[in-house]
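A quick write-up on the structure given underneath.
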Amino acid sequence: MASKGEMMPDLDAIIVGAGFGGLYMLHKLRQIGLRAIIIEAADSVGGTWYWNRYPGARCDIPSLEYCYSFSPELQREWHWTERYAAQPEILRYLDHVADRFDLRRDIRFSTRVTAAQWDEAADMWHVTTDAGDRITARYCIMATGNLSMAKTPDWPGIEAFAGPIHHTAQWPREGVDFAGKRVGVIGTGSSGIQAIPEIARTAEQVVVFQRTPSFAVPASNRPLTEAEIAATQAEYDRLREEARASFLGFFGGPNPGSAAAASEEERQATYERAWNAGTTGLLQAYEDLLVNEESNATAAEFARGKIRELVKDPETARRMTPQGYPIGARRLCSEIGYFEAMNRPNVTLVDVRETPIERVEADGIVAGGQRYPLDMLVLATGFHAMTGALTAIDITGADGLKLREQWADGPRSYLGLMIAGFPNLFMVTGPGSPSVLSNVVLSIEQHVEWIADCLAAMRDRDATRIVPTDEAERDWMEHVDAVAQTTLFPRANTWYQGRTRDGRNVFMPYVGGVGPYRERCAAIARDGYTGFAISNEWTAA
Ligand code: N01
C-alpha cells in the first residue's frame with residue numbers, strides 16, 4: 001500500500017452501477033470537476049430497469065414524478081406516454097439521459113466490481129473487477145440499488161428442471177414465448193402480480209405458487225393527455241418542492257384525519273374513490289393508515305372485500321386474501337388484471353403454505369403430494385434486498401474490517417449514506433435512509449447532491465478522508481429503529497427487514513419522512529458534517 005504523499009489515486013471516484021443513481025452521480029461529479037467513472041455489470045445503462053424486463057413491468061409511482069428533476073431542460077423535453085410508464089419506456093428514458101449528458105464515455109460496461117479495499121495509508125480505495133482491472137480512487141460510491149441481487153429458491157431438484165427457468169429480475173433481452181407452454185410462476189409480490197396476467201394471456205397453462213398473499217390495488221394506468229402533461233409542466237417547480245418536503249416524496253399528500261374516527265359510510269366512499277386513484281391512492285386515503293392499527297384494519301378489510309368481489313371462485317379468493325399483517329406494511333402491489341387473471345380457466349393457484357413445495361422434477365413441481373407438470377418456471381421470488389448488492393462485493397474497510405461481517409446482524413449506517421469503519425465509501429439510498437419507502441428517484445437525487453456537495457467541500461479544504469463516528473452511527477440506528485417502531489411497518493414479515501444472526505428483525509429503511517430526513521442531512525452538512533470524522537481536522541464531529 002502506498003503512503004499519502006507517494007501515490008495519487010487513478011480517479012477521484014468510482015461509481016458502481018449505472019441506474020438512476022449512478023448516472024446522475026457521474027453527471028454531478030463531472031459538474032464539480034471530479035474525475036469519475038461508472039463500473040456497470042450490464043452491457044448498457046438502466047440498472048433495475050435494464051434487468052427487470054419481464055412482461056408487465058412498469059413503475060408504480062406516476063411517470064411524471066418517477067423521473068429526474070435536476071435538469072429543467074430534460075424535464076421539459078421528455079414526454080411520458082402513460083401515467084405509469086412500462087419498463088421499455090423507462091429504459092428509453094435512461095438511455096436518453098445517458099446520451100443527452102454524454103455519460104457513456106465514462107462507463108465501463110459488462111464489468112462487475114468484485115472487491116474494494118480501503119488503503120489506510122494513502123486514503124484511497126483499491127477496486128477490483130471481474131475483467132481484471134485494479135483501479136484506485138479516493139472515493140467509492142455504491143449506486144448499486146436496493147433491489148438488484150435476485151433471490152433464487154433452493155428447492156431440492158431445481159437444478160434438474162429440464163425447461164427454462166427465468167427470474168423476473170434477469171429477464172432475457174429477446175423476450176420469452178409462452179405460447180403452448182405450461183408455466184409455473186413462483187411468487188406473488190409486485191413482480192409476480194405484474195407478470196402473471198401477461199403470461200396467462202398466451203401460455204397454455206399457468207400454475208401460480210403463492211406463499212404470502214399480497215394486497216394489491218388497481219394501477220388505474222392510462223395514456224397521459226397533452227393537457228395533463230402541460231398542467232404538470234406548468235407547476236413542476238412547486239410540485240417538486242412540495243414533494244421534497246413531504247413524507248413520502250410524492251406530489252400531494254395523504255388526506256388529513258383518521259380512518260378510525262370517520263363514519264363507516266364516509267370511509268367506504270373515501271376508500272372507493274381512493275381505490276381507483278392509482279397505486280398511491282389507497283394508503284393516502286387517511287393520514288394515519290400506517291400508524292394506527294384500528295384505522296389500518298378498515299383499509300385492509302376494504303381491500304379484502306375487493307378481492308372477494310373480483311375473484312370468482314370463493315376458495316381461490318380465500319387463499320388470495322391477505323391476513324395477519326397490516327395493509328401497506330408490505331409493499332402495496334400495483335395490479336392490472338391480476339385478480340381477473342385468476343378467474344381464467346388456464347390459471348391455477350397453489351398455496352404453498354397449505355401445500356408446500358416438496359421438490360422440483362425435470363418436468364414439474366411436486367407440492368402437497370400433487371404433481372404439477374410444467375415446461376417453464378418463472379421465479380418472481382424477489383431480491384436480497386437493500387444489502388445484497390453491497391455484501392456481494394468483498395468490501396474491506398479500515399483495520400481489515402469486512403462489510404459482510406460488519407452487517408452480519410443487519411445493516412448499520414449513518415444516514416444511509418456512509419458506514420463507520422469504511423472511510424470514503426458512500427451509498428446512494430443505502431439502508432437507514434428513506435430509499436424504498438419514498439419516491440426513490442427523488443431520494444436518489446437528494447443523496448447524489450449531498451454526496452457531491454460533500455466531496456466538493458472536502459476538495460476545497462484539502463481533506464482526503466471522511467468517515468462517520470461509531471457514536472453517530474449508533475445514534476442514527478437507534479433513531480431509525482425507534483421511528484420504525486412508531487409505525488405498523490415492523491408488523492409484517494418483509495424484505496424491509498434485515499435479520500440478526502440470532503433471528504431478530506432489523507427494520508432497514510428510514511420511515512421518519514422524506515422532508516424531515518432531508519432537513520437533517522442538510523443541517524449536518526451546514527454544521528460542518530457533524531457525526532463525521534474528517535482528515536486534517538476539518539471536522540465538527
Ligand atoms: O419480490 P418480493 P418482487 N417459495 O420479495 C415469494 C419492487 N418492485 O420482485 O412473501 C415460495 O416482493 C415471496 O413469498 P413471501 C417493489 O418495491 C416494484 O415481487 O416471502 N415463494 C413473494 O411472494 C417490490 O416490493 C414494482 O412469503 C417464495 C415473492 O416470492 C420489490 O421490488 C414491480 C420463495 C417475492 O416477492 C420486490 O418485488 C416489481 C420460496 N422459496 C418490483 N421465495 C413496481 O410496481 C420467495 N417467494 C414498480
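Chain lettering (A, B, ...) mirrors the order of the C-alpha cells, residue numbering begins at 1 for each chain separately, and ligand numbering begins at 1 in order of display.
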So which bits of stretch 366-495 of chain A end up strand (DSSP E) when you DSSP the backbone, as a ChimeraX atom specification? /A:366-367,370-373,376-379,394-396,418-419,422-427,466-468
Residues as selected, C-alpha atoms, written as a PDB file, in the first residue's frame, can you do that?
```
ATOM      1  CA  VAL A 366     -44.492 -31.524  -6.576  1.00  0.00           C
ATOM      2  CA  ALA A 367     -46.350 -29.610  -3.868  1.00  0.00           C
ATOM      3  CA  GLN A 370     -49.606 -33.289  -6.019  1.00  0.00           C
ATOM      4  CA  ARG A 371     -47.553 -33.109  -9.201  1.00  0.00           C
ATOM      5  CA  TYR A 372     -47.902 -30.059 -11.488  1.00  0.00           C
ATOM      6  CA  PRO A 373     -46.464 -30.771 -14.957  1.00  0.00           C
ATOM      7  CA  MET A 376     -41.057 -23.465 -17.808  1.00  0.00           C
ATOM      8  CA  LEU A 377     -40.519 -21.764 -14.445  1.00  0.00           C
ATOM      9  CA  VAL A 378     -40.774 -18.054 -13.789  1.00  0.00           C
ATOM     10  CA  LEU A 379     -39.210 -17.057 -10.492  1.00  0.00           C
ATOM     11  CA  ASP A 394     -15.807  -8.168  -0.969  1.00  0.00           C
ATOM     12  CA  ILE A 395     -15.545  -4.777   0.751  1.00  0.00           C
ATOM     13  CA  THR A 396     -12.732  -4.320   3.281  1.00  0.00           C
ATOM     14  CA  MET A 418     -21.898   6.104   4.971  1.00  0.00           C
ATOM     15  CA  ILE A 419     -20.725   3.328   7.287  1.00  0.00           C
ATOM     16  CA  PHE A 422     -15.480   2.375   5.855  1.00  0.00           C
ATOM     17  CA  PRO A 423     -13.988   5.787   5.038  1.00  0.00           C
ATOM     18  CA  ASN A 424     -14.809   7.484   1.729  1.00  0.00           C
ATOM     19  CA  LEU A 425     -17.401   4.809   0.878  1.00  0.00           C
ATOM     20  CA  PHE A 426     -20.773   6.336   0.056  1.00  0.00           C
ATOM     21  CA  MET A 427     -24.099   4.675  -0.635  1.00  0.00           C
ATOM     22  CA  ILE A 466     -14.333  11.228   5.792  1.00  0.00           C
ATOM     23  CA  VAL A 467     -15.964   8.574   7.910  1.00  0.00           C
ATOM     24  CA  PRO A 468     -18.883   8.559  10.345  1.00  0.00           C
TER      25      PRO A 468
END
```
Once DSSP has gone over the backbone, tell me which residues of stretch 52-251 of chain A are in alpha helix (DSSP H), as JSON, numbers by chain. {"A": [72, 73, 74, 75, 76, 77, 87, 88, 89, 90, 91, 92, 93, 94, 95, 96, 97, 98, 99, 100, 190, 191, 192, 193, 194, 195, 196, 197, 198, 199, 200, 201, 202, 226, 227, 228, 229, 230, 231, 232, 233, 234, 235, 236, 237, 238, 239, 240, 241, 242, 243, 244, 245]}
Using only C-alpha atoms and all ligand atoms, which of A:Asp154, A:Asp462, A:Glu519, A:Asp10 sits nearest ligand 1?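 With only C-alpha atoms and all ligand atoms as the atom set, the closest residue is A:Asp154.
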Could you check the closest approach to ligand 1 for each of A:Ala362, A:Met149, A:Ala57, A:Val291 and tell me which residue wins, using only C-alpha atoms and all ligand atoms? A:Ala57
With distances taken over only C-alpha atoms, which of A:Pro431, A:Gly17, A:Pro411, A:Gly369 is nearest to A:Thr144? A:Gly17
Kindly provide, as an MDAnalysis selection string, all nucleotide and amino acid residues lying within 9 Å of ligand 1, counting only C-alpha atoms and all ligand atoms. chainID A and resid 52 56:61 84 146:147 150:155 168:169 186:194 209:214 219 279 330:335 352:353 356:357 379:385 436:437 493:496
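In this comparison, which uses only C-alpha atoms, the residue of A:Ile196, A:Val360, A:Ala162, A:Ala297 approaching A:Arg344 most closely is A:Ile196.
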Correct to one decimal, the distance atom CA of A:Gly281-atom CA of A:Phe250 is 11.1 Å
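Separating atom CA of A:Leu74 from atom CA of A:Thr111 is a distance of 28.4 Å.
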Provide the atom CA of A:Glu40 to atom CA of A:His126 distance in Å, to one decimal place.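 Answer for the atom CA of A:Glu40 to atom CA of A:His126 separation: 16.6 Å.
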Applying 10 Å and only C-alpha atoms, which residues near A:Pro72 remain after dropping the ones on its own chain fewer than 3 positions away? List them as a PDB file with all heavy atoms, in the first residue's frame.
```pdb
ATOM      1  N   TYR A  68     -36.104  12.291 -13.210  1.00  0.00           N
ATOM      2  CA  TYR A  68     -35.198  13.297 -12.633  1.00  0.00           C
ATOM      3  C   TYR A  68     -35.824  14.692 -12.658  1.00  0.00           C
ATOM      4  O   TYR A  68     -36.560  15.044 -13.596  1.00  0.00           O
ATOM      5  CB  TYR A  68     -33.914  13.373 -13.444  1.00  0.00           C
ATOM      6  CG  TYR A  68     -33.025  12.155 -13.416  1.00  0.00           C
ATOM      7  CD1 TYR A  68     -32.745  11.470 -14.592  1.00  0.00           C
ATOM      8  CD2 TYR A  68     -32.423  11.723 -12.234  1.00  0.00           C
ATOM      9  CE1 TYR A  68     -31.883  10.377 -14.596  1.00  0.00           C
ATOM     10  CE2 TYR A  68     -31.559  10.633 -12.228  1.00  0.00           C
ATOM     11  CZ  TYR A  68     -31.292   9.956 -13.412  1.00  0.00           C
ATOM     12  OH  TYR A  68     -30.444   8.885 -13.416  1.00  0.00           O
ATOM     13  N   SER A  69     -35.427  15.483 -11.664  1.00  0.00           N
ATOM     14  CA  SER A  69     -35.846  16.885 -11.649  1.00  0.00           C
ATOM     15  C   SER A  69     -34.653  17.818 -11.797  1.00  0.00           C
ATOM     16  O   SER A  69     -34.811  19.026 -11.880  1.00  0.00           O
ATOM     17  CB  SER A  69     -36.567  17.205 -10.338  1.00  0.00           C
ATOM     18  OG  SER A  69     -35.661  17.129  -9.246  1.00  0.00           O
ATOM     19  N   GLN A  75     -36.486  17.699 -18.109  1.00  0.00           N
ATOM     20  CA  GLN A  75     -37.849  17.582 -17.609  1.00  0.00           C
ATOM     21  C   GLN A  75     -38.858  18.092 -18.647  1.00  0.00           C
ATOM     22  O   GLN A  75     -39.926  17.536 -18.805  1.00  0.00           O
ATOM     23  CB  GLN A  75     -37.957  18.383 -16.319  1.00  0.00           C
ATOM     24  CG  GLN A  75     -39.161  18.081 -15.492  1.00  0.00           C
ATOM     25  CD  GLN A  75     -39.043  18.648 -14.094  1.00  0.00           C
ATOM     26  OE1 GLN A  75     -38.783  17.926 -13.145  1.00  0.00           O
ATOM     27  NE2 GLN A  75     -39.228  19.944 -13.969  1.00  0.00           N
ATOM     28  N   ARG A  76     -38.477  19.128 -19.359  1.00  0.00           N
ATOM     29  CA  ARG A  76     -39.375  19.709 -20.371  1.00  0.00           C
ATOM     30  C   ARG A  76     -39.429  18.858 -21.627  1.00  0.00           C
ATOM     31  O   ARG A  76     -40.476  18.660 -22.216  1.00  0.00           O
ATOM     32  CB  ARG A  76     -38.879  21.106 -20.759  1.00  0.00           C
ATOM     33  CG  ARG A  76     -39.796  22.212 -20.314  1.00  0.00           C
ATOM     34  CD  ARG A  76     -39.522  23.542 -20.966  1.00  0.00           C
ATOM     35  NE  ARG A  76     -38.135  23.854 -21.258  1.00  0.00           N
ATOM     36  CZ  ARG A  76     -37.275  24.398 -20.384  1.00  0.00           C
ATOM     37  NH1 ARG A  76     -37.676  24.680 -19.157  1.00  0.00           N
ATOM     38  NH2 ARG A  76     -36.044  24.677 -20.744  1.00  0.00           N
ATOM     39  N   GLU A  77     -38.274  18.322 -22.040  1.00  0.00           N
ATOM     40  CA  GLU A  77     -38.228  17.710 -23.373  1.00  0.00           C
ATOM     41  C   GLU A  77     -38.723  16.259 -23.385  1.00  0.00           C
ATOM     42  O   GLU A  77     -39.109  15.756 -24.421  1.00  0.00           O
ATOM     43  CB  GLU A  77     -36.818  17.782 -23.956  1.00  0.00           C
ATOM     44  CG  GLU A  77     -35.844  16.850 -23.283  1.00  0.00           C
ATOM     45  CD  GLU A  77     -34.399  17.253 -23.508  1.00  0.00           C
ATOM     46  OE1 GLU A  77     -34.126  18.365 -23.955  1.00  0.00           O
ATOM     47  OE2 GLU A  77     -33.529  16.417 -23.188  1.00  0.00           O
ATOM     48  N   GLN A 233     -46.216  20.309 -16.203  1.00  0.00           N
ATOM     49  CA  GLN A 233     -45.044  21.104 -16.606  1.00  0.00           C
ATOM     50  C   GLN A 233     -45.129  22.520 -16.037  1.00  0.00           C
ATOM     51  O   GLN A 233     -44.133  23.055 -15.547  1.00  0.00           O
ATOM     52  CB  GLN A 233     -44.936  21.162 -18.145  1.00  0.00           C
ATOM     53  CG  GLN A 233     -44.552  19.847 -18.804  1.00  0.00           C
ATOM     54  CD  GLN A 233     -43.052  19.547 -18.716  1.00  0.00           C
ATOM     55  OE1 GLN A 233     -42.300  20.328 -18.146  1.00  0.00           O
ATOM     56  NE2 GLN A 233     -42.637  18.406 -19.260  1.00  0.00           N
ATOM     57  N   TYR A 236     -44.388  22.279 -12.287  1.00  0.00           N
ATOM     58  CA  TYR A 236     -43.359  21.323 -11.855  1.00  0.00           C
ATOM     59  C   TYR A 236     -42.542  21.821 -10.654  1.00  0.00           C
ATOM     60  O   TYR A 236     -42.333  21.083  -9.693  1.00  0.00           O
ATOM     61  CB  TYR A 236     -42.408  20.983 -13.008  1.00  0.00           C
ATOM     62  CG  TYR A 236     -42.436  19.517 -13.423  1.00  0.00           C
ATOM     63  CD1 TYR A 236     -42.315  19.149 -14.763  1.00  0.00           C
ATOM     64  CD2 TYR A 236     -42.558  18.494 -12.484  1.00  0.00           C
ATOM     65  CE1 TYR A 236     -42.333  17.806 -15.160  1.00  0.00           C
ATOM     66  CE2 TYR A 236     -42.574  17.158 -12.867  1.00  0.00           C
ATOM     67  CZ  TYR A 236     -42.456  16.818 -14.199  1.00  0.00           C
ATOM     68  OH  TYR A 236     -42.463  15.500 -14.572  1.00  0.00           O
ATOM     69  N   ASP A 237     -42.090  23.037 -10.723  1.00  0.00           N
ATOM     70  CA  ASP A 237     -41.191  23.511  -9.661  1.00  0.00           C
ATOM     71  C   ASP A 237     -41.862  23.424  -8.296  1.00  0.00           C
ATOM     72  O   ASP A 237     -41.284  22.928  -7.326  1.00  0.00           O
ATOM     73  CB  ASP A 237     -40.739  24.943  -9.921  1.00  0.00           C
ATOM     74  CG  ASP A 237     -39.767  25.011 -11.091  1.00  0.00           C
ATOM     75  OD1 ASP A 237     -39.324  23.922 -11.528  1.00  0.00           O
ATOM     76  OD2 ASP A 237     -39.468  26.121 -11.560  1.00  0.00           O
TER      77      ASP A 237
END
```
Nearest to A:Ile15 among A:Ala262, A:Val217, A:Ala122, A:Val448, with distances taken over only C-alpha atoms: which residue is it?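 Closest to A:Ile15 of all the choices is A:Val448.
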For A:Pro256, which residue out of A:Ile524, A:Val428, A:Leu283, A:Leu239 is the nearest one, using only C-alpha atoms? A:Leu283
Give me, as a list in words, all polymer residues having an atom no more than 9 Å from A:Pro88, counting only C-alpha atoms and skipping those fewer than 2 positions away in the same chain. Trp49, Tyr50, Arg53, Ala57, Arg58, Ala85, Ala86, Ile90, Leu91, Arg92 and Tyr93 of chain A
Please produce an output containing N, CA, C and O atoms for each residue in the selection, written as a PDB file, in the first residue's frame.
```
ATOM      1  N   TRP A  49     -34.063  -1.155 -14.262  1.00  0.00           N
ATOM      2  CA  TRP A  49     -34.914  -1.110 -15.466  1.00  0.00           C
ATOM      3  C   TRP A  49     -34.234  -1.755 -16.661  1.00  0.00           C
ATOM      4  O   TRP A  49     -34.846  -1.967 -17.698  1.00  0.00           O
ATOM      5  N   TYR A  50     -32.981  -2.064 -16.547  1.00  0.00           N
ATOM      6  CA  TYR A  50     -32.288  -2.869 -17.553  1.00  0.00           C
ATOM      7  C   TYR A  50     -32.629  -4.347 -17.338  1.00  0.00           C
ATOM      8  O   TYR A  50     -32.915  -5.077 -18.271  1.00  0.00           O
ATOM      9  N   ARG A  53     -37.053  -6.942 -17.219  1.00  0.00           N
ATOM     10  CA  ARG A  53     -37.778  -6.791 -18.490  1.00  0.00           C
ATOM     11  C   ARG A  53     -38.961  -7.727 -18.577  1.00  0.00           C
ATOM     12  O   ARG A  53     -39.450  -8.012 -19.667  1.00  0.00           O
ATOM     13  N   ALA A  57     -43.873  -5.319 -16.491  1.00  0.00           N
ATOM     14  CA  ALA A  57     -43.081  -4.471 -15.586  1.00  0.00           C
ATOM     15  C   ALA A  57     -43.350  -2.995 -15.888  1.00  0.00           C
ATOM     16  O   ALA A  57     -43.234  -2.556 -17.031  1.00  0.00           O
ATOM     17  N   ARG A  58     -43.709  -2.277 -14.881  1.00  0.00           N
ATOM     18  CA  ARG A  58     -43.875  -0.810 -15.020  1.00  0.00           C
ATOM     19  C   ARG A  58     -43.734  -0.180 -13.645  1.00  0.00           C
ATOM     20  O   ARG A  58     -43.787  -0.878 -12.631  1.00  0.00           O
ATOM     21  N   ALA A  85     -45.375   4.455 -16.494  1.00  0.00           N
ATOM     22  CA  ALA A  85     -44.639   4.011 -17.682  1.00  0.00           C
ATOM     23  C   ALA A  85     -44.220   2.552 -17.564  1.00  0.00           C
ATOM     24  O   ALA A  85     -43.865   2.070 -16.482  1.00  0.00           O
ATOM     25  N   ALA A  86     -44.259   1.864 -18.685  1.00  0.00           N
ATOM     26  CA  ALA A  86     -43.789   0.477 -18.727  1.00  0.00           C
ATOM     27  C   ALA A  86     -42.262   0.465 -18.827  1.00  0.00           C
ATOM     28  O   ALA A  86     -41.633   1.456 -19.223  1.00  0.00           O
ATOM     29  N   ILE A  90     -39.218   3.443 -19.627  1.00  0.00           N
ATOM     30  CA  ILE A  90     -38.296   3.949 -18.589  1.00  0.00           C
ATOM     31  C   ILE A  90     -36.848   3.701 -19.020  1.00  0.00           C
ATOM     32  O   ILE A  90     -35.972   4.554 -18.843  1.00  0.00           O
ATOM     33  N   LEU A  91     -36.639   2.547 -19.639  1.00  0.00           N
ATOM     34  CA  LEU A  91     -35.276   2.254 -20.119  1.00  0.00           C
ATOM     35  C   LEU A  91     -34.887   3.224 -21.248  1.00  0.00           C
ATOM     36  O   LEU A  91     -33.746   3.713 -21.290  1.00  0.00           O
ATOM     37  N   ARG A  92     -35.840   3.526 -22.124  1.00  0.00           N
ATOM     38  CA  ARG A  92     -35.552   4.521 -23.187  1.00  0.00           C
ATOM     39  C   ARG A  92     -35.182   5.864 -22.573  1.00  0.00           C
ATOM     40  O   ARG A  92     -34.289   6.567 -23.043  1.00  0.00           O
ATOM     41  N   TYR A  93     -35.886   6.220 -21.513  1.00  0.00           N
ATOM     42  CA  TYR A  93     -35.609   7.489 -20.818  1.00  0.00           C
ATOM     43  C   TYR A  93     -34.178   7.504 -20.276  1.00  0.00           C
ATOM     44  O   TYR A  93     -33.423   8.470 -20.478  1.00  0.00           O
TER      45      TYR A  93
END
```
Which residues are near stretch 510-516 of chain A? Cut-off 10 Å, only C-alpha atoms, ignore same chain within fewer than 5 positions. Put them as a ChimeraX atom specification. /A:241-250,415-416,430-439,442-443,446,476-477,479-487,489,521-522
Mind checking which residues fall within 12 Å of stretch 527-532 of chain A, counting only C-alpha atoms, ignoring those fewer than 4 positions away in the same chain, and posting them as a PyMOL selection string? chain A and resi 413-415+417-424+450-451+453-455+457-458+461+465-476+520-523+537-541
Store the residues of this selection in a file with N, CA and C atoms, as a CSV table (one decimal), in the first residue's frame.
```csv
chain,number,residue,atom,x,y,z
A,413,SER,N,-25.6,2.0,9.4
A,413,SER,CA,-25.0,3.2,8.6
A,413,SER,C,-25.3,4.5,9.4
A,414,TYR,N,-24.7,5.5,8.9
A,414,TYR,CA,-25.1,6.8,9.4
A,414,TYR,C,-25.8,7.5,8.2
A,415,LEU,N,-27.1,7.8,8.4
A,415,LEU,CA,-28.0,8.4,7.5
A,415,LEU,C,-28.2,7.6,6.2
A,417,LEU,N,-26.0,6.8,4.3
A,417,LEU,CA,-25.1,7.4,3.3
A,417,LEU,C,-23.7,6.9,3.5
A,418,MET,N,-23.3,6.6,4.7
A,418,MET,CA,-21.9,6.1,5.0
A,418,MET,C,-21.9,5.1,6.1
A,419,ILE,N,-20.8,4.4,6.3
A,419,ILE,CA,-20.7,3.3,7.3
A,419,ILE,C,-19.5,3.5,8.1
A,420,ALA,N,-19.6,3.5,9.5
A,420,ALA,CA,-18.5,3.6,10.3
A,420,ALA,C,-17.5,2.5,10.0
A,421,GLY,N,-16.2,2.9,9.9
A,421,GLY,CA,-15.2,1.9,9.6
A,421,GLY,C,-14.9,1.8,8.1
A,422,PHE,N,-15.7,2.5,7.3
A,422,PHE,CA,-15.5,2.4,5.9
A,422,PHE,C,-15.3,3.8,5.3
A,423,PRO,N,-14.2,4.4,5.5
A,423,PRO,CA,-14.0,5.8,5.0
A,423,PRO,C,-14.2,5.9,3.5
A,424,ASN,N,-14.7,7.1,3.1
A,424,ASN,CA,-14.8,7.5,1.7
A,424,ASN,C,-15.7,6.5,0.9
A,450,TRP,N,-26.1,15.5,-2.1
A,450,TRP,CA,-25.5,15.6,-0.8
A,450,TRP,C,-24.0,15.1,-0.9
A,451,ILE,N,-23.9,14.0,-1.6
A,451,ILE,CA,-22.5,13.4,-1.7
A,451,ILE,C,-21.6,14.4,-2.5
A,453,ASP,N,-21.9,17.6,-2.9
A,453,ASP,CA,-21.6,18.8,-2.1
A,453,ASP,C,-20.5,18.4,-1.1
A,454,CYS,N,-20.6,17.3,-0.5
A,454,CYS,CA,-19.6,16.8,0.5
A,454,CYS,C,-18.2,16.7,-0.2
A,455,LEU,N,-18.2,16.1,-1.3
A,455,LEU,CA,-16.8,15.9,-2.0
A,455,LEU,C,-16.3,17.2,-2.4
A,457,ALA,N,-16.7,20.0,-0.9
A,457,ALA,CA,-16.3,20.7,0.4
A,457,ALA,C,-14.9,20.0,0.8
A,458,MET,N,-14.8,18.7,0.7
A,458,MET,CA,-13.6,18.0,1.0
A,458,MET,C,-12.4,18.6,0.2
A,461,ARG,N,-11.1,22.0,1.0
A,461,ARG,CA,-10.4,22.1,2.3
A,461,ARG,C,-9.2,21.1,2.3
A,465,ARG,N,-10.2,12.3,3.7
A,465,ARG,CA,-10.8,11.1,4.3
A,465,ARG,C,-12.0,11.6,5.2
A,466,ILE,N,-13.1,11.0,5.0
A,466,ILE,CA,-14.3,11.2,5.8
A,466,ILE,C,-15.0,9.9,6.2
A,467,VAL,N,-15.4,9.8,7.4
A,467,VAL,CA,-16.0,8.6,7.9
A,467,VAL,C,-16.9,8.9,9.1
A,468,PRO,N,-18.0,8.3,9.2
A,468,PRO,CA,-18.9,8.6,10.3
A,468,PRO,C,-18.3,8.0,11.6
A,469,THR,N,-18.5,8.7,12.7
A,469,THR,CA,-18.0,8.1,14.0
A,469,THR,C,-19.0,7.0,14.4
A,470,ASP,N,-18.4,6.1,15.2
A,470,ASP,CA,-19.2,5.0,15.8
A,470,ASP,C,-20.4,5.5,16.5
A,471,GLU,N,-20.2,6.6,17.2
A,471,GLU,CA,-21.3,7.1,18.1
A,471,GLU,C,-22.4,7.7,17.2
A,472,ALA,N,-22.0,8.4,16.2
A,472,ALA,CA,-23.1,9.0,15.3
A,472,ALA,C,-23.9,7.8,14.6
A,473,GLU,N,-23.2,6.8,14.2
A,473,GLU,CA,-23.8,5.7,13.5
A,473,GLU,C,-24.8,5.0,14.5
A,474,ARG,N,-24.3,4.8,15.7
A,474,ARG,CA,-25.1,4.1,16.7
A,474,ARG,C,-26.4,4.9,17.0
A,475,ASP,N,-26.2,6.2,17.2
A,475,ASP,CA,-27.4,7.1,17.5
A,475,ASP,C,-28.4,7.1,16.3
A,476,TRP,N,-27.8,7.1,15.1
A,476,TRP,CA,-28.7,7.1,13.9
A,476,TRP,C,-29.5,5.8,13.9
A,520,ARG,N,-32.5,17.1,8.0
A,520,ARG,CA,-31.5,16.6,8.9
A,520,ARG,C,-30.1,16.5,8.2
A,521,CYS,N,-30.2,15.9,7.0
A,521,CYS,CA,-28.9,15.8,6.2
A,521,CYS,C,-28.4,17.2,5.9
A,522,ALA,N,-29.2,18.1,5.5
A,522,ALA,CA,-28.8,19.4,5.1
A,522,ALA,C,-28.2,20.1,6.3
A,523,ALA,N,-28.8,20.0,7.5
A,523,ALA,CA,-28.3,20.6,8.7
A,523,ALA,C,-26.9,20.0,9.1
A,537,GLU,N,-8.3,17.5,10.4
A,537,GLU,CA,-9.0,18.2,11.5
A,537,GLU,C,-10.2,19.1,11.1
A,538,TRP,N,-10.5,19.1,9.8
A,538,TRP,CA,-11.7,19.9,9.4
A,538,TRP,C,-12.9,19.1,9.7
A,539,THR,N,-13.4,19.3,10.9
A,539,THR,CA,-14.5,18.5,11.3
A,539,THR,C,-15.2,19.1,12.5
A,540,ALA,N,-16.5,18.9,12.6
A,540,ALA,CA,-17.2,19.3,13.7
A,540,ALA,C,-17.7,18.1,14.5
A,541,ALA,N,-17.1,17.0,14.2
A,541,ALA,CA,-17.6,15.7,14.8
A,541,ALA,C,-17.6,15.8,16.4
```
List the spatial neighbours of stretch 103-108 of chain A as a PyMOL selection string - criterion: any atom at most 12 Å away, only C-alpha atoms, same-chain residues fewer than 4 positions off excluded. chain A and resi 11+13-19+22-31+35-46+94-99+112-113+129-131+133
